[in-house]
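Visitor: One file is attached below, final.cif, containing mmCIF, C-alpha atoms and all ligand atoms.
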```cif
data_upload
#
loop_
_atom_site.label_atom_id
_atom_site.label_comp_id
_atom_site.auth_asym_id
_atom_site.auth_seq_id
_atom_site.Cartn_x
_atom_site.Cartn_y
_atom_site.Cartn_z
CA MET G 1 35.41 126.16 -33.69
CA LYS G 2 36.71 124.33 -36.77
CA VAL G 3 34.11 122.97 -39.17
CA ILE G 4 34.55 119.72 -41.09
CA VAL G 5 32.20 119.20 -44.04
CA SER G 6 31.51 115.71 -45.36
CA HIS G 7 29.22 114.07 -47.89
CA ASP G 8 27.84 110.51 -47.84
CA VAL G 9 27.39 109.16 -51.37
CA ASP G 10 24.38 106.81 -51.12
CA HIS G 11 23.28 106.61 -54.78
CA LEU G 12 24.75 107.13 -58.23
CA SER G 13 21.92 106.22 -60.61
CA TYR G 14 18.20 105.46 -60.47
CA SER G 15 18.63 102.27 -62.48
CA GLU G 16 20.71 100.71 -59.70
CA HIS G 17 17.37 100.51 -57.83
CA ALA G 18 15.54 98.63 -60.60
CA ALA G 19 15.25 95.52 -58.43
CA ASP G 20 14.25 97.16 -55.14
CA LEU G 21 11.47 99.36 -53.80
CA PHE G 22 13.50 102.53 -53.42
CA ILE G 23 11.86 104.46 -56.28
CA PRO G 24 8.22 103.66 -55.33
CA LYS G 25 9.00 104.65 -51.72
CA PHE G 26 10.71 107.83 -52.96
CA ALA G 27 7.60 108.65 -55.02
CA VAL G 28 5.28 108.13 -52.04
CA ARG G 29 7.47 110.26 -49.75
CA SER G 30 7.60 113.03 -52.36
CA ALA G 31 3.80 112.91 -52.76
CA ILE G 32 3.40 113.26 -48.97
CA GLU G 33 5.84 116.22 -48.93
CA CYS G 34 3.89 117.83 -51.76
CA GLY G 35 0.57 117.17 -49.98
CA LEU G 36 1.95 118.75 -46.80
CA ARG G 37 3.14 121.69 -48.96
CA HIS G 38 6.74 121.31 -47.89
CA ILE G 39 7.66 121.00 -51.56
CA SER G 40 5.97 122.74 -54.48
CA VAL G 41 4.11 120.93 -57.27
CA SER G 42 6.86 121.99 -59.70
CA GLU G 43 9.51 120.51 -57.38
CA PHE G 44 7.51 117.28 -57.25
CA VAL G 45 7.28 117.20 -61.05
CA ARG G 46 11.01 117.96 -61.40
CA ARG G 47 11.78 114.93 -59.21
CA GLY G 48 9.75 112.72 -61.52
CA MET G 49 11.43 114.13 -64.62
CA ARG G 50 14.87 113.71 -63.07
CA ILE G 51 14.41 109.93 -62.86
CA TRP G 52 14.52 109.79 -66.66
CA SER G 53 18.01 111.31 -66.64
CA ASN G 54 19.07 108.29 -64.52
CA ARG G 55 21.52 110.52 -62.61
CA PHE G 56 20.79 110.35 -58.91
CA HIS G 57 23.98 112.00 -57.62
CA ASN G 58 25.07 115.65 -57.77
CA LEU G 59 28.75 115.07 -57.17
CA GLY G 60 30.09 117.40 -59.86
CA GLU G 61 27.85 120.29 -58.77
CA LEU G 62 28.67 119.82 -55.10
CA MET G 63 32.41 119.63 -55.73
CA GLU G 64 32.17 122.84 -57.76
CA PHE G 65 30.26 124.57 -54.94
CA ASP G 66 32.65 123.42 -52.20
CA ARG G 67 35.68 124.39 -54.29
CA ALA G 68 34.28 127.89 -54.86
CA GLU G 69 33.71 128.18 -51.11
CA GLY G 70 37.26 126.97 -50.38
CA ILE G 71 36.05 123.89 -48.50
CA THR G 72 38.11 120.70 -48.54
CA SER G 73 35.23 118.37 -47.91
CA THR G 74 35.38 114.60 -47.53
CA PHE G 75 33.29 112.34 -49.80
CA PHE G 76 32.47 108.90 -48.41
CA PHE G 77 31.98 106.22 -51.10
CA ALA G 78 30.77 102.65 -50.57
CA VAL G 79 32.63 99.54 -51.64
CA ALA G 80 29.92 97.14 -50.45
CA ASN G 81 26.15 96.99 -50.73
CA GLY G 82 23.40 97.00 -48.12
CA LYS G 83 20.45 98.91 -46.70
CA GLY G 84 19.42 100.59 -49.97
CA LEU G 85 22.97 101.23 -51.15
CA THR G 86 23.42 99.31 -54.38
CA TYR G 87 26.07 100.89 -56.63
CA ARG G 88 29.19 98.91 -57.46
CA PRO G 89 32.76 99.99 -56.59
CA ALA G 90 33.63 100.14 -60.30
CA GLU G 91 30.87 102.74 -60.77
CA ALA G 92 32.23 104.82 -57.90
CA ARG G 93 35.84 104.68 -59.09
CA PRO G 94 35.69 107.60 -61.60
CA TRP G 95 34.07 109.82 -58.97
CA ILE G 96 36.61 108.83 -56.33
CA ARG G 97 39.37 109.80 -58.77
CA ARG G 98 37.63 113.05 -59.69
CA ALA G 99 37.23 114.01 -56.01
CA MET G 100 40.89 113.25 -55.32
CA GLU G 101 42.07 115.15 -58.41
CA GLY G 102 39.90 118.06 -57.27
CA GLY G 103 41.79 118.20 -53.96
CA PHE G 104 39.01 116.67 -51.87
CA ASP G 105 39.39 113.89 -49.34
CA VAL G 106 37.70 110.55 -49.86
CA GLY G 107 36.80 107.75 -47.49
CA VAL G 108 34.60 104.71 -47.08
CA HIS G 109 30.85 104.76 -46.62
CA GLY G 110 30.77 101.58 -44.59
CA ILE G 111 28.25 98.76 -44.66
CA ALA G 112 29.72 96.09 -42.35
CA PHE G 113 29.76 97.18 -38.72
CA GLU G 114 29.83 93.91 -36.73
CA ASP G 115 31.66 91.39 -38.90
CA GLU G 116 35.43 91.74 -38.52
CA GLN G 117 36.24 90.05 -41.81
CA GLU G 118 33.78 92.20 -43.76
CA VAL G 119 35.02 95.38 -42.08
CA ARG G 120 38.57 94.50 -43.13
CA ARG G 121 37.42 93.55 -46.62
CA GLU G 122 35.82 96.98 -47.16
CA HIS G 123 38.92 98.74 -45.87
CA ASP G 124 41.22 96.80 -48.18
CA ALA G 125 38.86 97.16 -51.17
CA PHE G 126 38.85 100.95 -50.79
CA ARG G 127 42.64 101.01 -50.34
CA ASP G 128 43.01 99.13 -53.62
CA LEU G 129 40.36 101.22 -55.39
CA SER G 130 41.71 104.62 -54.30
CA GLY G 131 45.40 103.82 -53.98
CA LEU G 132 45.37 105.65 -50.63
CA GLY G 133 47.24 104.43 -47.57
CA GLN G 134 45.34 106.47 -44.99
CA PHE G 135 41.65 107.23 -45.02
CA GLY G 136 38.61 107.27 -42.79
CA ILE G 137 35.08 105.96 -42.73
CA ARG G 138 31.47 106.79 -41.89
CA MET G 139 28.95 103.98 -41.62
CA HIS G 140 25.89 104.06 -43.88
CA TYR G 141 22.85 105.00 -41.73
CA LEU G 142 25.37 105.59 -38.90
CA ARG G 143 24.98 101.91 -38.04
CA ARG G 144 27.14 100.71 -35.17
CA SER G 145 27.35 98.32 -32.25
CA ASP G 146 29.50 98.18 -29.13
CA THR G 147 32.29 96.59 -31.14
CA THR G 148 32.23 98.79 -34.27
CA LEU G 149 34.88 101.35 -33.29
CA GLY G 150 37.32 98.64 -32.21
CA LEU G 151 36.80 96.77 -35.49
CA LEU G 152 37.33 99.95 -37.56
CA ALA G 153 40.50 100.83 -35.65
CA GLY G 154 41.74 97.26 -36.04
CA ALA G 155 41.12 97.32 -39.79
CA GLY G 156 43.45 100.31 -40.11
CA TYR G 157 41.13 103.28 -40.60
CA SER G 158 42.73 106.56 -39.55
CA PHE G 159 39.42 108.11 -38.48
CA ASP G 160 35.71 107.44 -38.15
CA SER G 161 32.82 109.91 -38.05
CA THR G 162 29.78 107.73 -37.32
CA TYR G 163 28.91 108.48 -33.70
CA TYR G 164 26.46 111.32 -33.11
CA GLY G 165 27.11 113.62 -30.18
CA LEU G 166 28.38 116.89 -28.77
CA GLN G 167 31.82 115.55 -28.05
CA ASN G 168 35.30 116.52 -29.15
CA PRO G 169 37.45 114.13 -31.23
CA TYR G 170 38.90 111.25 -29.23
CA ARG G 171 41.22 108.33 -29.89
CA VAL G 172 40.22 104.68 -30.23
CA GLY G 173 43.57 102.92 -30.43
CA ARG G 174 45.38 104.64 -33.29
CA MET G 175 42.14 105.81 -34.89
CA TRP G 176 40.45 109.16 -34.26
CA GLU G 177 36.72 109.35 -33.72
CA PHE G 178 35.20 112.64 -34.92
CA PRO G 179 31.64 112.67 -33.56
CA LEU G 180 29.01 113.94 -35.98
CA GLN G 181 26.90 116.90 -34.88
CA ILE G 182 24.96 118.23 -37.89
CA MET G 183 23.30 115.99 -40.49
CA ASP G 184 20.85 117.15 -43.18
CA VAL G 185 18.32 114.31 -42.87
CA ASP G 186 17.96 114.68 -39.11
CA ILE G 187 17.21 118.38 -39.50
CA ILE G 188 14.97 118.46 -42.58
CA ARG G 189 13.19 115.17 -41.84
CA LYS G 190 12.69 115.86 -38.17
CA ASN G 191 11.88 112.48 -36.56
CA ALA G 192 10.12 111.52 -39.81
CA SER G 193 10.73 109.67 -43.08
CA TRP G 194 9.85 112.72 -45.20
CA GLN G 195 10.52 116.45 -45.14
CA ASN G 196 8.33 117.92 -42.43
CA ILE G 197 9.75 121.39 -41.84
CA CYS G 198 10.40 124.49 -43.94
CA LEU G 199 13.70 126.26 -44.54
CA ASP G 200 13.16 128.86 -41.77
CA GLU G 201 12.55 126.14 -39.19
CA ALA G 202 15.57 124.20 -40.43
CA THR G 203 17.87 127.22 -40.13
CA GLU G 204 16.55 128.12 -36.66
CA ASP G 205 17.07 124.54 -35.42
CA THR G 206 20.56 124.49 -36.93
CA LYS G 207 21.50 127.82 -35.32
CA LYS G 208 20.50 126.39 -31.94
CA MET G 209 22.63 123.28 -32.52
CA ILE G 210 25.66 125.33 -33.56
CA GLY G 211 25.17 127.64 -30.55
CA GLU G 212 25.03 124.65 -28.23
CA ALA G 213 28.19 123.19 -29.77
CA CYS G 214 29.99 126.53 -29.18
CA ASP G 215 28.72 126.69 -25.58
CA ARG G 216 29.88 123.12 -24.93
CA GLY G 217 33.39 123.96 -26.15
CA ILE G 218 33.29 121.74 -29.24
CA THR G 219 36.57 122.19 -31.11
CA HIS G 220 35.56 120.38 -34.34
CA LEU G 221 32.03 120.52 -35.71
CA SER G 222 31.28 117.65 -38.11
CA VAL G 223 28.68 118.31 -40.82
CA ASN G 224 27.15 115.71 -43.15
CA PHE G 225 25.29 116.75 -46.29
CA HIS G 226 24.25 114.11 -48.86
CA ASP G 227 25.17 115.07 -52.43
CA ARG G 228 21.85 113.65 -53.70
CA PHE G 229 20.08 116.69 -52.21
CA PHE G 230 22.27 119.31 -53.90
CA CYS G 231 19.85 120.07 -56.74
CA ARG G 232 16.65 121.97 -57.55
CA GLU G 233 14.64 118.79 -57.00
CA PHE G 234 15.40 119.31 -53.28
CA GLU G 235 15.13 123.08 -52.90
CA THR G 236 14.99 123.23 -49.09
CA TRP G 237 17.96 120.93 -48.71
CA MET G 238 20.12 122.79 -51.24
CA GLU G 239 19.25 126.19 -49.80
CA TRP G 240 19.85 124.94 -46.26
CA TYR G 241 23.37 123.77 -47.20
CA GLY G 242 24.24 127.08 -48.87
CA TRP G 243 22.84 128.96 -45.87
CA LEU G 244 24.80 126.72 -43.44
CA ILE G 245 28.13 127.40 -45.13
CA ARG G 246 27.46 131.18 -45.24
CA TYR G 247 26.27 131.22 -41.62
CA LEU G 248 29.30 129.33 -40.33
CA LYS G 249 31.60 131.69 -42.23
CA ASP G 250 29.71 134.79 -41.00
CA CYS G 251 30.10 133.51 -37.43
CA GLY G 252 33.87 133.41 -38.00
CA HIS G 253 34.31 129.62 -37.91
CA GLU G 254 37.13 128.16 -40.00
CA PHE G 255 36.90 125.08 -42.19
CA THR G 256 39.21 122.11 -42.13
CA SER G 257 39.09 118.41 -43.09
CA TYR G 258 39.36 115.25 -41.01
CA GLN G 259 42.87 114.61 -42.34
CA ASP G 260 44.04 118.18 -41.64
CA ALA G 261 42.34 118.21 -38.23
CA MET G 262 44.18 115.01 -37.23
CA ALA G 263 47.47 116.54 -38.34
CA GLU G 264 46.68 119.75 -36.43
CA ILE G 265 45.82 117.81 -33.27
CA GLU G 266 48.89 115.60 -33.54
CA GLY G 267 51.17 118.44 -34.71
CA GLY G 268 52.22 116.72 -37.93
CA THR G 269 51.50 117.12 -41.61
CA PRO G 270 48.39 115.61 -43.20
CA CYS G 271 48.93 112.29 -44.93
CA ARG G 272 46.94 111.74 -48.09
CA VAL G 273 49.12 109.12 -49.72
ZN ZN J 301 24.51 106.48 -46.29
#
```
Is it possible to give me this structure as structure tokens?

Guide:
Amino acid sequence: MKVIVSHDVDHLSYSEHAADLFIPKFAVRSAIECGLRHISVSEFVRRGMRIWSNRFHNLGELMEFDRAEGITSTFFFAVANGKGLTYRPAEARPWIRRAMEGGFDVGVHGIAFEDEQEVRREHDAFRDLSGLGQFGIRMHYLRRSDTTLGLLAGAGYSFDSTYYGLQNPYRVGRMWEFPLQIMDVDIIRKNASWQNICLDEATEDTKKMIGEACDRGITHLSVNFHDRFFCREFETWMEWYGWLIRYLKDCGHEFTSYQDAMAEIEGGTPCRV
């Protein structure tokens, strides 16, 4: 089984949430997690202190980790706002460049999923921002409707990885759909809005999911880990990601990227220009 690692970039700074309720909700969720003893008091305090740094993302640290592990991951950046995602494309630009210069793939973290014009606008905005001709997308919150895949294919995306499911990659017009199988929030916040399991439970659940994917003959396993959790303010999440990469390697699975996987399937060379 080939493993494809990806990262949705939902936040860059805390101040971008000055006009919404994200930070109060984050504080309440963290207090609940602390009360349930899923995070320690020191972790809770670290989260509070971190707000003063105003740096919400952990992009540099995560790129460094993936590079050391030899993983060509894909970072999805937004070029529109919605559903708690509020950073501006100009703020994402330096990180898009840094990811590309570091040899990583980049794509769109999509907001519009039903409006054809808006879907096209996001595609073209990212093309102009990144200078790339071919790139893919994952919708923020995995939002979709019956028409989403057709709209994404029509806008010119080369791949999408929004749909959850134990399915192998399939074509939608000229676009490839890479179903998503493993996502951090669904494992560590199990049917809840806050962390409700410990690391051991998370790793056991993940082992079962990987085993099931192998049994079902999945050729490409798509993993999504949010960069915002790659820090000591989110111990379980960070440890789970490190464990996941080690576990997949120990099981003998190889890593690839969406772009390389498409080229492998089609028998061509990956296009990143
Ligand atoms: Zn998102």

Visitor: Which residues form the shell of 10 Å around ligand ZN 301 (chain J) when you count only C-alpha atoms and all ligand atoms, given as a PDB file with C-alpha atoms, in the coordinates of the input?

Guide:
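Dumped everything to selection02.pdb:
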```pdb
ATOM      1  CA  HIS G   7      29.220 114.070 -47.890  1.00  0.00           C
ATOM      2  CA  ASP G   8      27.840 110.510 -47.840  1.00  0.00           C
ATOM      3  CA  VAL G   9      27.390 109.160 -51.370  1.00  0.00           C
ATOM      4  CA  ASP G  10      24.380 106.810 -51.120  1.00  0.00           C
ATOM      5  CA  HIS G  11      23.280 106.610 -54.780  1.00  0.00           C
ATOM      6  CA  PHE G  76      32.470 108.900 -48.410  1.00  0.00           C
ATOM      7  CA  PHE G  77      31.980 106.220 -51.100  1.00  0.00           C
ATOM      8  CA  ALA G  78      30.770 102.650 -50.570  1.00  0.00           C
ATOM      9  CA  GLY G  82      23.400  97.000 -48.120  1.00  0.00           C
ATOM     10  CA  LYS G  83      20.450  98.910 -46.700  1.00  0.00           C
ATOM     11  CA  GLY G  84      19.420 100.590 -49.970  1.00  0.00           C
ATOM     12  CA  LEU G  85      22.970 101.230 -51.150  1.00  0.00           C
ATOM     13  CA  HIS G 109      30.850 104.760 -46.620  1.00  0.00           C
ATOM     14  CA  GLY G 110      30.770 101.580 -44.590  1.00  0.00           C
ATOM     15  CA  ILE G 111      28.250  98.760 -44.660  1.00  0.00           C
ATOM     16  CA  ARG G 138      31.470 106.790 -41.890  1.00  0.00           C
ATOM     17  CA  MET G 139      28.950 103.980 -41.620  1.00  0.00           C
ATOM     18  CA  HIS G 140      25.890 104.060 -43.880  1.00  0.00           C
ATOM     19  CA  TYR G 141      22.850 105.000 -41.730  1.00  0.00           C
ATOM     20  CA  LEU G 142      25.370 105.590 -38.900  1.00  0.00           C
ATOM     21  CA  ARG G 143      24.980 101.910 -38.040  1.00  0.00           C
ATOM     22  CA  HIS G 226      24.250 114.110 -48.860  1.00  0.00           C
TER      23      HIS G 226
END
```

Visitor: Counting all atoms listed in the file, which residue out of G:Cys231, G:Arg88, G:Gln167, G:Gly211 sits closest to G:Arg55?

Guide: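 Distance minimum relative to G:Arg55 lands on G:Cys231.
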
Visitor: Determine the nearest neighbour of G:Phe44 from the options G:Met262, G:Leu248, G:Arg127, G:Arg232, counting only C-alpha atoms.

Guide: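 Once distances to G:Phe44 are computed over only C-alpha atoms, the minimum belongs to G:Arg232.
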
Visitor: Got a sec: who's within 10 Å of G:Met238, counting only C-alpha atoms, leaving out chain neighbours fewer than 2 positions off, as a VMD selection string?

Guide: chain G and resid 62 184 199 225 to 236 240 to 244

Visitor: From the list G:Asp160, G:Asp146, G:Glu177, G:Glu33, which residue is nearest G:Thr74 when using all atoms listed in the file?

Guide: G:Asp160

Visitor: For a quick check of understanding, using all atoms listed in the file, which of G:Leu166, G:Val108, G:Val5, G:Ile245 has the smallest distance to G:Cys214?

Guide: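 Selected residue with least distance to G:Cys214: G:Leu166.
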
Visitor: Using atom CA of G:Phe75 and atom CA of G:Leu59 as the two end points, give the distance in Å to one decimal.

Guide: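 Separation of atom CA of G:Phe75 and atom CA of G:Leu59: 9.1 Å.
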
Visitor: Within 7 Å of G:Ser158, counting all atoms listed in the file, which residues show up once you throw out same-chain ones fewer than 3 positions away? Write them as a PDB file with C-alpha atoms, in the coordinates of the input, please.

Guide:
```
ATOM      1  CA  GLN G 134      45.340 106.470 -44.990  1.00  0.00           C
ATOM      2  CA  PHE G 135      41.650 107.230 -45.020  1.00  0.00           C
ATOM      3  CA  GLY G 136      38.610 107.270 -42.790  1.00  0.00           C
ATOM      4  CA  MET G 175      42.140 105.810 -34.890  1.00  0.00           C
ATOM      5  CA  TRP G 176      40.450 109.160 -34.260  1.00  0.00           C
TER       6      TRP G 176
END
```

Visitor: Report, in Å to a single decimal, how far apart atom CA of G:Val185 and atom CA of G:Tyr247 are.

Guide: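 Calculated distance between atom CA of G:Tyr247 and atom CA of G:Val185 is 18.7 Å.
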
Visitor: If I put a ball of radius 8 Å at (19.2, 121.6, -37.8) in the file's coordinates, which residues poke into it when counting only C-alpha atoms, written as a PyMOL selection string?

Guide: chain G and resi 182-184+186-188+202-209

Visitor: Could you dump the residues just selected with C-alpha atoms as a CSV table (one decimal), in the coordinates of the input?

Guide:
```csv
chain,number,residue,atom,x,y,z
G,182,ILE,CA,25.0,118.2,-37.9
G,183,MET,CA,23.3,116.0,-40.5
G,184,ASP,CA,20.8,117.2,-43.2
G,186,ASP,CA,18.0,114.7,-39.1
G,187,ILE,CA,17.2,118.4,-39.5
G,188,ILE,CA,15.0,118.5,-42.6
G,202,ALA,CA,15.6,124.2,-40.4
G,203,THR,CA,17.9,127.2,-40.1
G,204,GLU,CA,16.6,128.1,-36.7
G,205,ASP,CA,17.1,124.5,-35.4
G,206,THR,CA,20.6,124.5,-36.9
G,207,LYS,CA,21.5,127.8,-35.3
G,208,LYS,CA,20.5,126.4,-31.9
G,209,MET,CA,22.6,123.3,-32.5
```

Visitor: Ranking G:Leu12, G:Val79, G:Met1, G:Ile197 by minimum distance to G:His38 and counting only C-alpha atoms, which one comes first?

Guide: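 Selected residue with least distance to G:His38: G:Ile197.
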
Visitor: Do you know which residues are at most 12 Å from G:Gly156 counting all atoms listed in the file, after dropping those on the same chain fewer than 2 positions away, and could you put them as a PDB file with C-alpha atoms, keeping the file's coordinate frame?

Guide:
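Once written, out.pdb looks like this:
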```pdb
ATOM      1  CA  GLU G 116      35.430  91.740 -38.520  1.00  0.00           C
ATOM      2  CA  VAL G 119      35.020  95.380 -42.080  1.00  0.00           C
ATOM      3  CA  ARG G 120      38.570  94.500 -43.130  1.00  0.00           C
ATOM      4  CA  ARG G 121      37.420  93.550 -46.620  1.00  0.00           C
ATOM      5  CA  GLU G 122      35.820  96.980 -47.160  1.00  0.00           C
ATOM      6  CA  HIS G 123      38.920  98.740 -45.870  1.00  0.00           C
ATOM      7  CA  ASP G 124      41.220  96.800 -48.180  1.00  0.00           C
ATOM      8  CA  PHE G 126      38.850 100.950 -50.790  1.00  0.00           C
ATOM      9  CA  ARG G 127      42.640 101.010 -50.340  1.00  0.00           C
ATOM     10  CA  LEU G 132      45.370 105.650 -50.630  1.00  0.00           C
ATOM     11  CA  GLY G 133      47.240 104.430 -47.570  1.00  0.00           C
ATOM     12  CA  GLN G 134      45.340 106.470 -44.990  1.00  0.00           C
ATOM     13  CA  PHE G 135      41.650 107.230 -45.020  1.00  0.00           C
ATOM     14  CA  GLY G 136      38.610 107.270 -42.790  1.00  0.00           C
ATOM     15  CA  ILE G 137      35.080 105.960 -42.730  1.00  0.00           C
ATOM     16  CA  LEU G 149      34.880 101.350 -33.290  1.00  0.00           C
ATOM     17  CA  GLY G 150      37.320  98.640 -32.210  1.00  0.00           C
ATOM     18  CA  LEU G 151      36.800  96.770 -35.490  1.00  0.00           C
ATOM     19  CA  LEU G 152      37.330  99.950 -37.560  1.00  0.00           C
ATOM     20  CA  ALA G 153      40.500 100.830 -35.650  1.00  0.00           C
ATOM     21  CA  GLY G 154      41.740  97.260 -36.040  1.00  0.00           C
ATOM     22  CA  SER G 158      42.730 106.560 -39.550  1.00  0.00           C
ATOM     23  CA  PHE G 159      39.420 108.110 -38.480  1.00  0.00           C
ATOM     24  CA  ASP G 160      35.710 107.440 -38.150  1.00  0.00           C
ATOM     25  CA  VAL G 172      40.220 104.680 -30.230  1.00  0.00           C
ATOM     26  CA  GLY G 173      43.570 102.920 -30.430  1.00  0.00           C
ATOM     27  CA  ARG G 174      45.380 104.640 -33.290  1.00  0.00           C
ATOM     28  CA  MET G 175      42.140 105.810 -34.890  1.00  0.00           C
ATOM     29  CA  TRP G 176      40.450 109.160 -34.260  1.00  0.00           C
TER      30      TRP G 176
END
```

Visitor: In Å to one decimal, how far is atom CA of G:Gly107 from atom CA of G:Ser130?

Guide: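 Result for atom CA of G:Ser130 versus atom CA of G:Gly107: 9.0 Å, one decimal.
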
Visitor: Show which residues sit within 9 Å of G:Ile23, as a PyMOL selection string. Count all atoms listed in the file, and ignore same-chain residues fewer than 4 positions away.

Guide: chain G and resi 14+17-18+27-28+51

Visitor: Quick one: stretch 86-97 of chain G with N, CA and C atoms, as a PDB file, in the frame of the given file?

Guide:
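Okay, this is what ended up in result-v3.pdb:
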```
ATOM      1  N   THR G  86      23.302 100.410 -53.418  1.00  0.00           N
ATOM      2  CA  THR G  86      23.420  99.310 -54.380  1.00  0.00           C
ATOM      3  C   THR G  86      24.435  99.547 -55.503  1.00  0.00           C
ATOM      4  N   TYR G  87      25.128 100.700 -55.522  1.00  0.00           N
ATOM      5  CA  TYR G  87      26.070 100.890 -56.630  1.00  0.00           C
ATOM      6  C   TYR G  87      27.332 100.056 -56.416  1.00  0.00           C
ATOM      7  N   ARG G  88      28.008  99.767 -57.529  1.00  0.00           N
ATOM      8  CA  ARG G  88      29.190  98.910 -57.460  1.00  0.00           C
ATOM      9  C   ARG G  88      30.459  99.754 -57.344  1.00  0.00           C
ATOM     10  N   PRO G  89      31.518  99.223 -56.733  1.00  0.00           N
ATOM     11  CA  PRO G  89      32.760  99.990 -56.590  1.00  0.00           C
ATOM     12  C   PRO G  89      33.281 100.515 -57.929  1.00  0.00           C
ATOM     13  N   ALA G  90      33.131  99.711 -58.992  1.00  0.00           N
ATOM     14  CA  ALA G  90      33.630 100.140 -60.300  1.00  0.00           C
ATOM     15  C   ALA G  90      32.901 101.404 -60.782  1.00  0.00           C
ATOM     16  N   GLU G  91      31.628 101.545 -60.385  1.00  0.00           N
ATOM     17  CA  GLU G  91      30.870 102.740 -60.770  1.00  0.00           C
ATOM     18  C   GLU G  91      31.302 103.959 -59.960  1.00  0.00           C
ATOM     19  N   ALA G  92      31.777 103.713 -58.759  1.00  0.00           N
ATOM     20  CA  ALA G  92      32.230 104.820 -57.900  1.00  0.00           C
ATOM     21  C   ALA G  92      33.639 105.278 -58.270  1.00  0.00           C
ATOM     22  N   ARG G  93      34.431 104.380 -58.859  1.00  0.00           N
ATOM     23  CA  ARG G  93      35.840 104.680 -59.090  1.00  0.00           C
ATOM     24  C   ARG G  93      36.085 106.020 -59.795  1.00  0.00           C
ATOM     25  N   PRO G  94      35.396 106.318 -60.927  1.00  0.00           N
ATOM     26  CA  PRO G  94      35.690 107.600 -61.600  1.00  0.00           C
ATOM     27  C   PRO G  94      35.405 108.815 -60.715  1.00  0.00           C
ATOM     28  N   TRP G  95      34.401 108.682 -59.844  1.00  0.00           N
ATOM     29  CA  TRP G  95      34.070 109.820 -58.970  1.00  0.00           C
ATOM     30  C   TRP G  95      35.057 109.930 -57.807  1.00  0.00           C
ATOM     31  N   ILE G  96      35.569 108.804 -57.364  1.00  0.00           N
ATOM     32  CA  ILE G  96      36.610 108.830 -56.330  1.00  0.00           C
ATOM     33  C   ILE G  96      37.848 109.545 -56.886  1.00  0.00           C
ATOM     34  N   ARG G  97      38.207 109.178 -58.122  1.00  0.00           N
ATOM     35  CA  ARG G  97      39.370 109.800 -58.770  1.00  0.00           C
ATOM     36  C   ARG G  97      39.138 111.291 -58.962  1.00  0.00           C
TER      37      ARG G  97
END
```
